[in-house]
Every structure is written in C-alpha cells, then in structure tokens.
$ cat structure.txt   # compact mmCIF, C-alpha atoms
# COMPACT_ATOMS: atom_id res chain seq x y z
CA MET M 1 31.43 -2.92 25.29
CA GLY M 2 29.82 -3.97 22.02
CA THR M 3 26.19 -4.46 22.82
CA GLY M 4 26.69 -3.49 26.39
CA VAL M 5 24.34 -3.59 29.28
CA ARG M 6 21.86 -1.00 28.21
CA SER M 7 19.56 0.88 30.46
CA LEU M 8 16.02 -0.39 30.78
CA ARG M 9 14.84 3.18 30.79
CA THR M 10 15.35 3.63 27.06
CA PRO M 11 12.32 5.02 25.25
CA ALA M 12 9.65 2.54 24.27
CA PRO M 13 10.31 1.08 20.81
CA ALA M 14 8.02 1.10 17.85
CA VAL M 15 7.22 -2.56 18.42
CA ALA M 16 5.55 -1.80 21.74
CA ALA M 17 1.95 -2.82 21.28
CA PRO M 18 -0.85 -1.59 23.52
CA LEU M 19 -1.75 -4.07 26.21
CA PRO M 20 -5.16 -5.50 25.39
CA GLU M 21 -5.75 -7.45 28.56
CA ALA M 22 -7.52 -5.15 30.96
CA ALA M 23 -7.03 -7.77 33.62
CA LEU M 24 -3.29 -7.21 33.76
CA ASP M 25 -2.36 -5.49 36.97
CA VAL M 26 0.24 -2.72 37.31
CA ARG M 27 3.14 -5.09 37.90
CA ASP M 28 2.25 -7.07 34.80
CA VAL M 29 2.11 -3.90 32.74
CA GLU M 30 5.54 -2.82 34.03
CA ARG M 31 7.00 -6.22 33.33
CA GLU M 32 5.52 -6.30 29.85
CA ALA M 33 6.89 -2.83 29.08
CA ALA M 34 10.36 -3.66 30.41
CA VAL M 35 10.58 -6.91 28.44
CA THR M 36 9.35 -5.11 25.33
CA ARG M 37 12.05 -2.43 25.70
CA LEU M 38 14.65 -5.11 26.21
CA PHE M 39 13.44 -6.96 23.14
CA ALA M 40 13.84 -3.84 21.04
CA SER M 41 17.34 -3.16 22.33
CA GLU M 42 18.80 -6.66 22.68
CA ALA M 43 16.98 -9.16 20.46
CA VAL M 44 18.93 -8.60 17.24
CA GLN M 45 22.27 -8.77 19.00
CA LEU M 46 21.21 -11.94 20.84
CA GLN M 47 20.06 -13.49 17.57
CA ARG M 48 23.47 -12.72 16.09
CA LEU M 49 25.15 -14.22 19.13
CA ALA M 50 23.04 -17.38 18.81
CA THR M 51 23.87 -17.61 15.12
CA LEU M 52 27.60 -17.23 15.74
CA LEU M 53 27.45 -19.90 18.42
CA GLY M 54 25.87 -22.30 15.94
CA ALA M 55 22.12 -22.01 16.39
CA GLY M 56 21.58 -21.60 12.64
CA HIS M 57 17.99 -21.04 11.58
CA GLU M 58 16.73 -21.64 15.11
CA ALA M 59 18.48 -18.53 16.43
CA GLU M 60 15.30 -16.44 16.37
CA ASP M 61 13.29 -19.13 18.16
CA LEU M 62 15.99 -19.49 20.81
CA VAL M 63 15.99 -15.75 21.41
CA ALA M 64 12.18 -15.79 21.73
CA GLU M 65 12.53 -18.64 24.21
CA ALA M 66 15.06 -16.61 26.20
CA PHE M 67 12.63 -13.67 26.39
CA CYS M 68 9.81 -15.99 27.50
CA ASP M 69 12.10 -17.23 30.25
CA LEU M 70 12.93 -13.67 31.26
CA HIS M 71 9.23 -12.75 31.28
CA ARG M 72 8.47 -15.70 33.56
CA ARG M 73 11.29 -14.92 35.98
CA TRP M 74 11.08 -11.14 35.88
CA GLY M 75 9.98 -10.93 39.51
CA LYS M 76 12.95 -13.00 40.65
CA LEU M 77 15.52 -10.80 38.92
CA ARG M 78 17.48 -9.03 41.64
CA ASP M 79 18.06 -5.97 39.45
CA PRO M 80 16.45 -5.18 36.07
CA GLU M 81 19.85 -3.90 34.91
CA THR M 82 21.12 -7.48 34.99
CA ALA M 83 18.48 -8.60 32.47
CA PRO M 84 20.76 -8.33 29.37
CA ALA M 85 23.39 -10.48 31.08
CA TYR M 86 20.69 -12.96 32.09
CA LEU M 87 19.42 -13.11 28.50
CA ARG M 88 22.94 -13.71 27.19
CA SER M 89 23.44 -16.60 29.58
CA VAL M 90 20.06 -18.13 28.65
CA VAL M 91 20.87 -17.86 24.95
CA CYS M 92 24.28 -19.50 25.49
CA ASN M 93 22.64 -22.33 27.43
CA LEU M 94 19.93 -22.85 24.82
CA VAL M 95 22.45 -22.93 21.97
CA ARG M 96 24.61 -25.40 23.91
CA MET M 97 21.57 -27.62 24.49
CA ARG M 98 20.63 -27.41 20.82
CA LEU M 99 24.14 -28.37 19.71
CA ARG M 100 24.18 -31.32 22.09
CA HIS M 101 20.77 -32.42 20.85
CA LEU M 102 22.01 -32.29 17.25
CA GLU M 103 25.08 -34.27 18.28
CA VAL M 104 22.86 -37.00 19.75
CA VAL M 105 20.67 -37.01 16.65
CA ARG M 106 23.72 -37.37 14.42
CA ARG M 107 25.11 -40.16 16.56
CA HIS M 108 21.89 -42.15 16.23
CA ALA M 109 21.43 -41.42 12.54
CA PRO M 110 24.87 -41.59 10.95
CA GLY M 111 23.50 -40.84 7.51
CA ALA M 112 21.92 -37.59 8.64
CA PRO M 113 23.18 -34.55 6.72
CA PRO M 114 25.21 -31.98 8.64
CA ASP M 115 23.36 -28.97 10.02
CA ALA M 116 22.57 -26.77 7.09
CA GLY M 117 21.62 -23.85 9.29
CA SER M 118 25.09 -22.60 10.06
CA ALA M 119 25.61 -18.90 9.49
CA GLU M 120 28.54 -19.18 7.15
CA SER M 121 26.59 -21.39 4.73
CA GLU M 122 24.64 -18.36 3.54
CA VAL M 123 27.09 -15.52 3.92
CA VAL M 124 29.54 -14.67 1.20
CA LEU M 125 32.90 -14.64 2.92
CA ARG M 126 36.41 -14.06 1.69
CA GLU M 127 38.70 -17.07 1.46
CA ASP M 128 40.66 -16.12 4.59
CA GLN M 129 37.40 -15.62 6.52
CA VAL M 130 36.16 -19.05 5.46
CA GLU M 131 39.37 -20.48 6.94
CA VAL M 132 38.66 -18.71 10.23
CA VAL M 133 35.09 -20.04 10.26
CA ARG M 134 36.30 -23.56 9.57
CA ALA M 135 38.89 -23.30 12.34
CA LEU M 136 36.24 -21.93 14.72
CA ARG M 137 33.90 -24.81 13.99
CA GLY M 138 36.66 -27.22 14.87
CA LEU M 139 36.97 -25.82 18.39
CA PRO M 140 35.22 -27.32 21.42
CA GLU M 141 31.95 -25.49 22.09
CA ARG M 142 33.17 -23.82 25.31
CA GLN M 143 36.24 -22.36 23.59
CA ARG M 144 34.14 -21.14 20.67
CA GLU M 145 31.66 -19.56 23.09
CA ALA M 146 34.43 -17.79 24.99
CA LEU M 147 36.00 -16.44 21.79
CA VAL M 148 32.69 -15.18 20.39
CA LEU M 149 31.70 -13.47 23.64
CA ARG M 150 35.17 -11.99 24.11
CA TYR M 151 36.08 -10.93 20.57
CA TRP M 152 32.72 -10.26 18.99
CA MET M 153 30.63 -8.94 21.89
CA ASP M 154 33.72 -7.35 23.47
CA LEU M 155 32.62 -8.47 26.92
CA ARG M 156 34.95 -8.35 29.89
CA GLU M 157 36.12 -11.63 31.40
CA ALA M 158 33.67 -11.35 34.29
CA GLU M 159 30.78 -10.77 31.89
CA VAL M 160 31.84 -13.71 29.73
CA ALA M 161 32.01 -15.82 32.89
CA THR M 162 28.46 -14.82 33.83
CA ALA M 163 27.17 -15.58 30.34
CA MET M 164 28.85 -18.99 30.28
CA GLY M 165 28.08 -19.83 33.90
CA ILE M 166 31.74 -20.51 34.76
CA SER M 167 34.50 -18.77 36.71
CA ALA M 168 36.62 -15.95 35.28
CA GLY M 169 39.66 -18.22 35.56
CA SER M 170 37.99 -20.82 33.34
CA VAL M 171 37.15 -18.10 30.84
CA LYS M 172 40.85 -17.19 30.66
CA VAL M 173 41.73 -20.84 30.07
CA HIS M 174 39.08 -21.34 27.37
CA THR M 175 40.01 -18.09 25.62
CA SER M 176 43.75 -18.73 25.57
CA ARG M 177 43.35 -22.37 24.50
CA GLY M 178 40.84 -21.35 21.85
CA MET M 179 43.14 -18.67 20.47
CA ALA M 180 46.07 -21.06 20.48
CA ALA M 181 44.08 -23.72 18.63
CA LEU M 182 42.77 -21.13 16.17
CA THR M 183 46.31 -19.85 15.53
CA ARG M 184 47.58 -23.39 14.94
CA ALA M 185 44.68 -24.20 12.61
CA LEU M 186 45.18 -21.00 10.60
CA GLU M 187 48.94 -21.54 10.37
CA GLY M 188 48.23 -25.02 9.03
CA THR M 189 46.17 -23.61 6.18
CA ARG M 190 48.96 -21.33 4.94
CA MET Z 1 50.73 -13.45 14.96
CA SER Z 2 48.24 -13.47 17.82
CA ALA Z 3 47.18 -9.91 17.06
CA ASP Z 4 46.76 -10.87 13.43
CA VAL Z 5 44.60 -13.88 14.33
CA GLU Z 6 42.60 -11.74 16.72
CA ALA Z 7 41.96 -9.15 14.01
CA ARG Z 8 40.94 -11.84 11.52
CA LEU Z 9 38.65 -13.41 14.09
CA ARG Z 10 36.97 -10.10 14.89
CA GLU Z 11 36.54 -9.27 11.23
CA THR Z 12 35.09 -12.68 10.36
CA LEU Z 13 32.68 -12.68 13.29
CA ALA Z 14 31.55 -9.16 12.39
CA SER Z 15 30.94 -10.22 8.77
CA LEU Z 16 28.91 -13.23 9.86
CA ALA Z 17 26.91 -11.22 12.38
CA ALA Z 18 26.18 -8.39 9.97
CA ASP Z 19 24.25 -10.76 7.75
CA VAL Z 20 21.85 -11.85 10.49
CA GLU Z 21 18.54 -10.05 10.34
CA GLN Z 22 15.47 -10.30 12.48
CA SER Z 23 12.15 -11.11 10.87
CA PRO Z 24 9.55 -8.34 11.23
CA SER Z 25 7.20 -10.65 13.11
CA ALA Z 26 9.80 -11.75 15.68
CA TYR Z 27 8.52 -9.51 18.46
CA ARG Z 28 4.86 -10.31 17.83
CA ARG Z 29 5.53 -14.04 17.93
CA ALA Z 30 7.69 -13.86 21.04
CA GLN Z 31 5.11 -11.70 22.82
CA ALA Z 32 2.29 -14.05 21.85
CA THR Z 33 4.31 -16.97 23.25
CA TRP Z 34 5.10 -15.38 26.60
CA ARG Z 35 1.50 -14.18 27.02
CA ARG Z 36 0.13 -17.62 26.17
CA ARG Z 37 2.47 -19.26 28.67
CA GLU Z 38 1.57 -16.73 31.35
CA ARG Z 39 -2.14 -17.40 30.77
CA ARG Z 40 -1.55 -21.14 30.91
CA ARG Z 41 0.43 -20.78 34.14
CA ARG Z 42 -2.40 -18.81 35.75
CA VAL Z 43 -5.08 -21.22 34.59
CA LEU Z 44 -3.03 -24.11 35.96
CA LEU Z 45 -2.60 -22.29 39.27
CA VAL Z 46 -6.36 -21.64 39.54
CA VAL Z 47 -7.16 -25.28 38.70
CA LEU Z 48 -4.65 -26.53 41.29
CA ALA Z 49 -5.99 -24.16 43.97
CA THR Z 50 -9.55 -25.24 43.17
CA LEU Z 51 -8.59 -28.91 43.38
CA VAL Z 52 -6.81 -28.47 46.73
CA ILE Z 53 -9.61 -26.43 48.30
CA GLY Z 54 -12.29 -28.68 46.83
CA GLY Z 55 -10.45 -31.77 48.10
CA ALA Z 56 -10.10 -30.31 51.59
CA ASP Z 57 -13.82 -29.44 51.62
CA ALA Z 58 -14.78 -32.92 50.50
CA VAL Z 59 -12.63 -34.57 53.19
CA GLY Z 60 -14.11 -32.28 55.86
CA LEU Z 61 -17.67 -33.01 54.79
CA TRP Z 62 -16.98 -36.73 54.67
CA VAL Z 63 -15.53 -36.71 58.22
CA LEU Z 64 -18.52 -34.75 59.56
CA ASN Z 65 -20.90 -37.01 57.74
CA SER Z 66 -19.31 -40.26 58.90
CA GLY Z 67 -19.91 -39.58 62.66
CA PRO Z 68 -22.89 -40.98 64.69
CA GLU Z 69 -26.13 -39.46 63.52
CA HIS Z 70 -27.34 -37.92 66.82
CA ALA Z 71 -24.05 -37.40 68.63
CA PRO Z 72 -23.58 -33.91 70.04
CA VAL Z 73 -21.04 -32.06 68.04
CA VAL Z 74 -19.40 -29.97 70.78
CA PHE Z 75 -20.56 -31.07 74.29
CA ASP Z 76 -20.83 -34.76 75.05
CA GLY Z 77 -21.18 -34.56 78.87
CA PRO Z 78 -24.47 -34.50 80.82
CA ALA Z 79 -26.55 -31.40 80.47
CA PRO Z 80 -26.04 -28.90 83.37
CA VAL Z 81 -28.78 -28.99 85.98
CA SER Z 82 -30.72 -25.71 86.18
CA ARG Z 83 -31.68 -24.53 89.69
$ encode --input "structure.txt" --output "structure tokens"
Amino acid sequence: MGTGVRSLRTPAPAVAAPLPEAALDVRDVEREAAVTRLFASEAVQLQRLATLLGAGHEAEDLVAEAFCDLHRRWGKLRDPETAPAYLRSVVCNLVRMRLRHLEVVRRHAPGAPPDAGSAESEVVLREDQVEVVRALRGLPERQREALVLRYWMDLREAEVATAMGISAGSVKVHTSRGMAALTRALEGTR
Amino acid sequence: MSADVEARLRETLASLAADVEQSPSAYRRAQATWRRRERRRRVLLVVLATLVIGGADAVGLWVLNSGPEHAPVVFDGPAPVSR
C-alpha cells in the first residue's frame, strides 16, 4: 500500500506545538495530539491526492478542511486507525464538490477561463505523460478518482470503495471503464 | 497494451505527485482553523444553553407572577381545626 493506513502511535512530529490552552481537558489534548500526528504523516499525501484529482491550488485548503472535519468528529470515529481512510474519503468528497462548483461557475460564465490550477500546468512532463494527463482529464470524475486511488495510492478495491463512498463492484466498473477509455484515448494519439 | 497503459499511468501520476509540496505554514494554519472552530462551537453551545435555561426561568417566573396575589401556593382547602 502506497501511503497506507499508518499507525496513530507514530512519534510526535516536529510540527507538534505545545498546547497553550490550559482549559483543554485530557480528551481534547489526546485528540489534538492524534490529529497532529496524522497531519504529519498524511497531509502531504492527501494534498497530492487532491491535486491529482483536480483540486489545483486549493489542494492545501481542502486538506486543512478535511483535518478540521476529522478534529470535529474525532469522538465519533469508531476506531482511530480508520482516520486515514476517513480523511481520504473527505478529501475525495471535497474535491468532487469543488469540481462541480467550478462546472456550475463555467456554465454560468461561458467566457470564464479554464481552471489554471491543474497540477500538470506547472509540472514539466514528457510528451507521452502529457498525453496521459490529457486523456485522464477527459474521463468522468468517478473513473478518474478510481484510477488515481487504485494506481497511484495503490489502494485495494475495498479501500478505494470506502474512499469513494461506493461499493467494491462499482469500483471495479469505474476502474475497468476508465482504463478502457484511457487505452482508447492513448491509442488515438499514436 | 493494458500493462503498458497501466505503467504509463503510474509513472505520470507519480511525476505529477512528486511536484506537489506542502507550504511550511500548512500545519499552523490548519491547527488555527480547527481550534477557532472548536472555540466557536463551544461558545455557541454555551449561548444556546444560557438562552434555553434563561427562557425556562423567565416562563416559570411569569407563570408564578401571573397568579392571584394572595392565593395559597400549595394548600387551598380550609385550614385544619386544632383541638
């Protein structure tokens, strides 16, 4: 597993700041420490995931939003070990919402420029990689999500299903259709 | 062909992801946000609780105050005769 579900008992990272609020009770301190550890271990990977899914320059803000959500619902989490999976699913949802919002904005303002925040606009890629990126952008968002989670994060089907909030069967469908469409698009460019 | 596409996809996604870096202030900003929201949630909870309790008190006082001025509060029958 690429990023994997990491243990929450990893040592505290350098970013862990002392808690200034004396009023925080023990449970708050534990929650704060656990979220801080998770931030150190997962935030970069989640930001990359958000970027690959199309969040562009908002990727960092979306990840921060996901951690705020986790902080708020920490007490309702059935097992702290499921927190990375929860964060992944929140990030996927937030990116999906952002893409839909942009779609609505574009529909109402036809002259609006395309989103300049896409990852590939700033990265120097080889010609064949640019073709892959172009083909990926042409896929429906669910298929793109499934491919990124499966082939970049190396998640199992069940984990992809949890992140996307769909069944494992649907993940199979999205992945195979996405790969087929990608293959067709890449064959067309040759 | 599929294996080739899969390899190209993995390689491209890895190249794109490798370029993404986190800003040094990311943690500080996220932490400030979740602490601010937590504080706001608690303040809101306290205000709501105060409003509910205050409202209940006010209704109770109004009901007590709106009764007859000299009516007995608990016993309204004749006073027991002492022997």
$ closest_residue --input "structure.txt" --among "Z:Ala17, Z:Ala79, Z:Ala3, Z:Leu61" --to "chain M" --atoms "all atoms listed in the file"
Z:Ala17
$ atom_distance --input "structure.txt" --atom1 "atom CA of Asp4 of chain Z" --atom2 "atom CA of Asp19 of chain Z"
23.2 Å
$ atom_distance --input "structure.txt" --atom1 "atom CA of Leu139 of chain M" --atom2 "atom CA of Ala181 of chain M"
7.4 Å
$ residues_around --input "structure.txt" --residues "Ala14 of chain Z" --least-positions-apart "6" --cutoff "10 Å" --atoms "only C-alpha atoms" --output "JSON, numbers by chain"
{"M": [48, 52, 151, 152, 153], "Z": [8]}
$ write_last_selection --input "structure.txt" --atoms "C-alpha atoms" --output "PDB file, in the frame of the given file"
ATOM      1  CA  ARG M  48      23.470 -12.720  16.090  1.00  0.00           C
ATOM      2  CA  LEU M  52      27.600 -17.230  15.740  1.00  0.00           C
ATOM      3  CA  TYR M 151      36.080 -10.930  20.570  1.00  0.00           C
ATOM      4  CA  TRP M 152      32.720 -10.260  18.990  1.00  0.00           C
ATOM      5  CA  MET M 153      30.630  -8.940  21.890  1.00  0.00           C
TER       6      MET M 153
ATOM      7  CA  ARG Z   8      40.940 -11.840  11.520  1.00  0.00           C
TER       8      ARG Z   8
END
$ interface_residues --input "structure.txt" --of "chain Z" --to "chain M" --cutoff "8 Å" --atoms "only C-alpha atoms" --output "number ranges by chain"
Z: 1-2, 5-6, 8-22, 26-27, 29-31, 33-34, 38
$ residues_near_point --input "structure.txt" --point "(24.6, -22.8, 26.7)" --cutoff "10 Å" --atoms "only C-alpha atoms" --output "list in words"
Ala50, Leu53, Arg88, Ser89, Val90, Val91, Cys92, Asn93, Leu94, Val95, Arg96, Met97, Arg98, Leu99, Arg100, Glu141, Arg142, Glu145, Ala163, Met164 and Gly165 of chain M
$ atom_distance --input "structure.txt" --atom1 "atom CA of Gly188 of chain M" --atom2 "atom CA of Ala135 of chain M"
10.1 Å
$ build_atoms --input "structure.txt" --residues "segment 127-145 of chain M" --atoms "N, CA, C and O atoms" --output "PDB file, keeping the file's coordinate frame"
ATOM      1  N   GLU M 127      38.029 -15.784   1.234  1.00  0.00           N
ATOM      2  CA  GLU M 127      38.700 -17.070   1.460  1.00  0.00           C
ATOM      3  C   GLU M 127      39.316 -17.157   2.854  1.00  0.00           C
ATOM      4  O   GLU M 127      39.176 -18.164   3.564  1.00  0.00           O
ATOM      5  N   ASP M 128      39.998 -16.082   3.270  1.00  0.00           N
ATOM      6  CA  ASP M 128      40.660 -16.120   4.590  1.00  0.00           C
ATOM      7  C   ASP M 128      39.627 -16.173   5.719  1.00  0.00           C
ATOM      8  O   ASP M 128      39.865 -16.778   6.762  1.00  0.00           O
ATOM      9  N   GLN M 129      38.447 -15.574   5.487  1.00  0.00           N
ATOM     10  CA  GLN M 129      37.400 -15.620   6.520  1.00  0.00           C
ATOM     11  C   GLN M 129      36.789 -17.021   6.605  1.00  0.00           C
ATOM     12  O   GLN M 129      36.449 -17.490   7.692  1.00  0.00           O
ATOM     13  N   VAL M 130      36.685 -17.676   5.461  1.00  0.00           N
ATOM     14  CA  VAL M 130      36.160 -19.050   5.460  1.00  0.00           C
ATOM     15  C   VAL M 130      37.087 -19.949   6.280  1.00  0.00           C
ATOM     16  O   VAL M 130      36.626 -20.816   7.033  1.00  0.00           O
ATOM     17  N   GLU M 131      38.403 -19.695   6.148  1.00  0.00           N
ATOM     18  CA  GLU M 131      39.370 -20.480   6.940  1.00  0.00           C
ATOM     19  C   GLU M 131      39.144 -20.267   8.430  1.00  0.00           C
ATOM     20  O   GLU M 131      39.193 -21.214   9.221  1.00  0.00           O
ATOM     21  N   VAL M 132      38.905 -19.023   8.807  1.00  0.00           N
ATOM     22  CA  VAL M 132      38.660 -18.710  10.230  1.00  0.00           C
ATOM     23  C   VAL M 132      37.403 -19.433  10.709  1.00  0.00           C
ATOM     24  O   VAL M 132      37.387 -20.041  11.795  1.00  0.00           O
ATOM     25  N   VAL M 133      36.355 -19.384   9.886  1.00  0.00           N
ATOM     26  CA  VAL M 133      35.090 -20.040  10.260  1.00  0.00           C
ATOM     27  C   VAL M 133      35.295 -21.537  10.428  1.00  0.00           C
ATOM     28  O   VAL M 133      34.830 -22.141  11.400  1.00  0.00           O
ATOM     29  N   ARG M 134      36.044 -22.121   9.504  1.00  0.00           N
ATOM     30  CA  ARG M 134      36.300 -23.560   9.570  1.00  0.00           C
ATOM     31  C   ARG M 134      37.090 -23.899  10.842  1.00  0.00           C
ATOM     32  O   ARG M 134      36.786 -24.864  11.542  1.00  0.00           O
ATOM     33  N   ALA M 135      38.077 -23.068  11.132  1.00  0.00           N
ATOM     34  CA  ALA M 135      38.890 -23.300  12.340  1.00  0.00           C
ATOM     35  C   ALA M 135      38.031 -23.143  13.592  1.00  0.00           C
ATOM     36  O   ALA M 135      38.147 -23.920  14.550  1.00  0.00           O
ATOM     37  N   LEU M 136      37.144 -22.161  13.565  1.00  0.00           N
ATOM     38  CA  LEU M 136      36.240 -21.930  14.720  1.00  0.00           C
ATOM     39  C   LEU M 136      35.334 -23.128  14.947  1.00  0.00           C
ATOM     40  O   LEU M 136      35.092 -23.533  16.083  1.00  0.00           O
ATOM     41  N   ARG M 137      34.815 -23.670  13.867  1.00  0.00           N
ATOM     42  CA  ARG M 137      33.900 -24.810  13.990  1.00  0.00           C
ATOM     43  C   ARG M 137      34.597 -26.039  14.530  1.00  0.00           C
ATOM     44  O   ARG M 137      33.958 -26.925  15.093  1.00  0.00           O
ATOM     45  N   GLY M 138      35.902 -26.076  14.368  1.00  0.00           N
ATOM     46  CA  GLY M 138      36.660 -27.220  14.870  1.00  0.00           C
ATOM     47  C   GLY M 138      36.960 -27.136  16.363  1.00  0.00           C
ATOM     48  O   GLY M 138      37.442 -28.101  16.951  1.00  0.00           O
ATOM     49  N   LEU M 139      36.667 -25.981  16.962  1.00  0.00           N
ATOM     50  CA  LEU M 139      36.970 -25.820  18.390  1.00  0.00           C
ATOM     51  C   LEU M 139      35.887 -26.460  19.254  1.00  0.00           C
ATOM     52  O   LEU M 139      34.734 -26.551  18.838  1.00  0.00           O
ATOM     53  N   PRO M 140      36.256 -26.873  20.473  1.00  0.00           N
ATOM     54  CA  PRO M 140      35.220 -27.320  21.420  1.00  0.00           C
ATOM     55  C   PRO M 140      34.238 -26.173  21.685  1.00  0.00           C
ATOM     56  O   PRO M 140      34.635 -24.995  21.613  1.00  0.00           O
ATOM     57  N   GLU M 141      32.993 -26.526  22.005  1.00  0.00           N
ATOM     58  CA  GLU M 141      31.950 -25.490  22.090  1.00  0.00           C
ATOM     59  C   GLU M 141      32.260 -24.409  23.134  1.00  0.00           C
ATOM     60  O   GLU M 141      31.971 -23.226  22.915  1.00  0.00           O
ATOM     61  N   ARG M 142      32.874 -24.797  24.263  1.00  0.00           N
ATOM     62  CA  ARG M 142      33.170 -23.820  25.310  1.00  0.00           C
ATOM     63  C   ARG M 142      34.204 -22.795  24.829  1.00  0.00           C
ATOM     64  O   ARG M 142      34.108 -21.601  25.125  1.00  0.00           O
ATOM     65  N   GLN M 143      35.205 -23.276  24.099  1.00  0.00           N
ATOM     66  CA  GLN M 143      36.240 -22.360  23.590  1.00  0.00           C
ATOM     67  C   GLN M 143      35.635 -21.418  22.542  1.00  0.00           C
ATOM     68  O   GLN M 143      35.922 -20.220  22.528  1.00  0.00           O
ATOM     69  N   ARG M 144      34.783 -21.982  21.695  1.00  0.00           N
ATOM     70  CA  ARG M 144      34.140 -21.140  20.670  1.00  0.00           C
ATOM     71  C   ARG M 144      33.267 -20.076  21.338  1.00  0.00           C
ATOM     72  O   ARG M 144      33.295 -18.908  20.959  1.00  0.00           O
ATOM     73  N   GLU M 145      32.520 -20.496  22.349  1.00  0.00           N
ATOM     74  CA  GLU M 145      31.660 -19.560  23.090  1.00  0.00           C
ATOM     75  C   GLU M 145      32.493 -18.422  23.690  1.00  0.00           C
ATOM     76  O   GLU M 145      32.150 -17.247  23.556  1.00  0.00           O
TER      77      GLU M 145
END
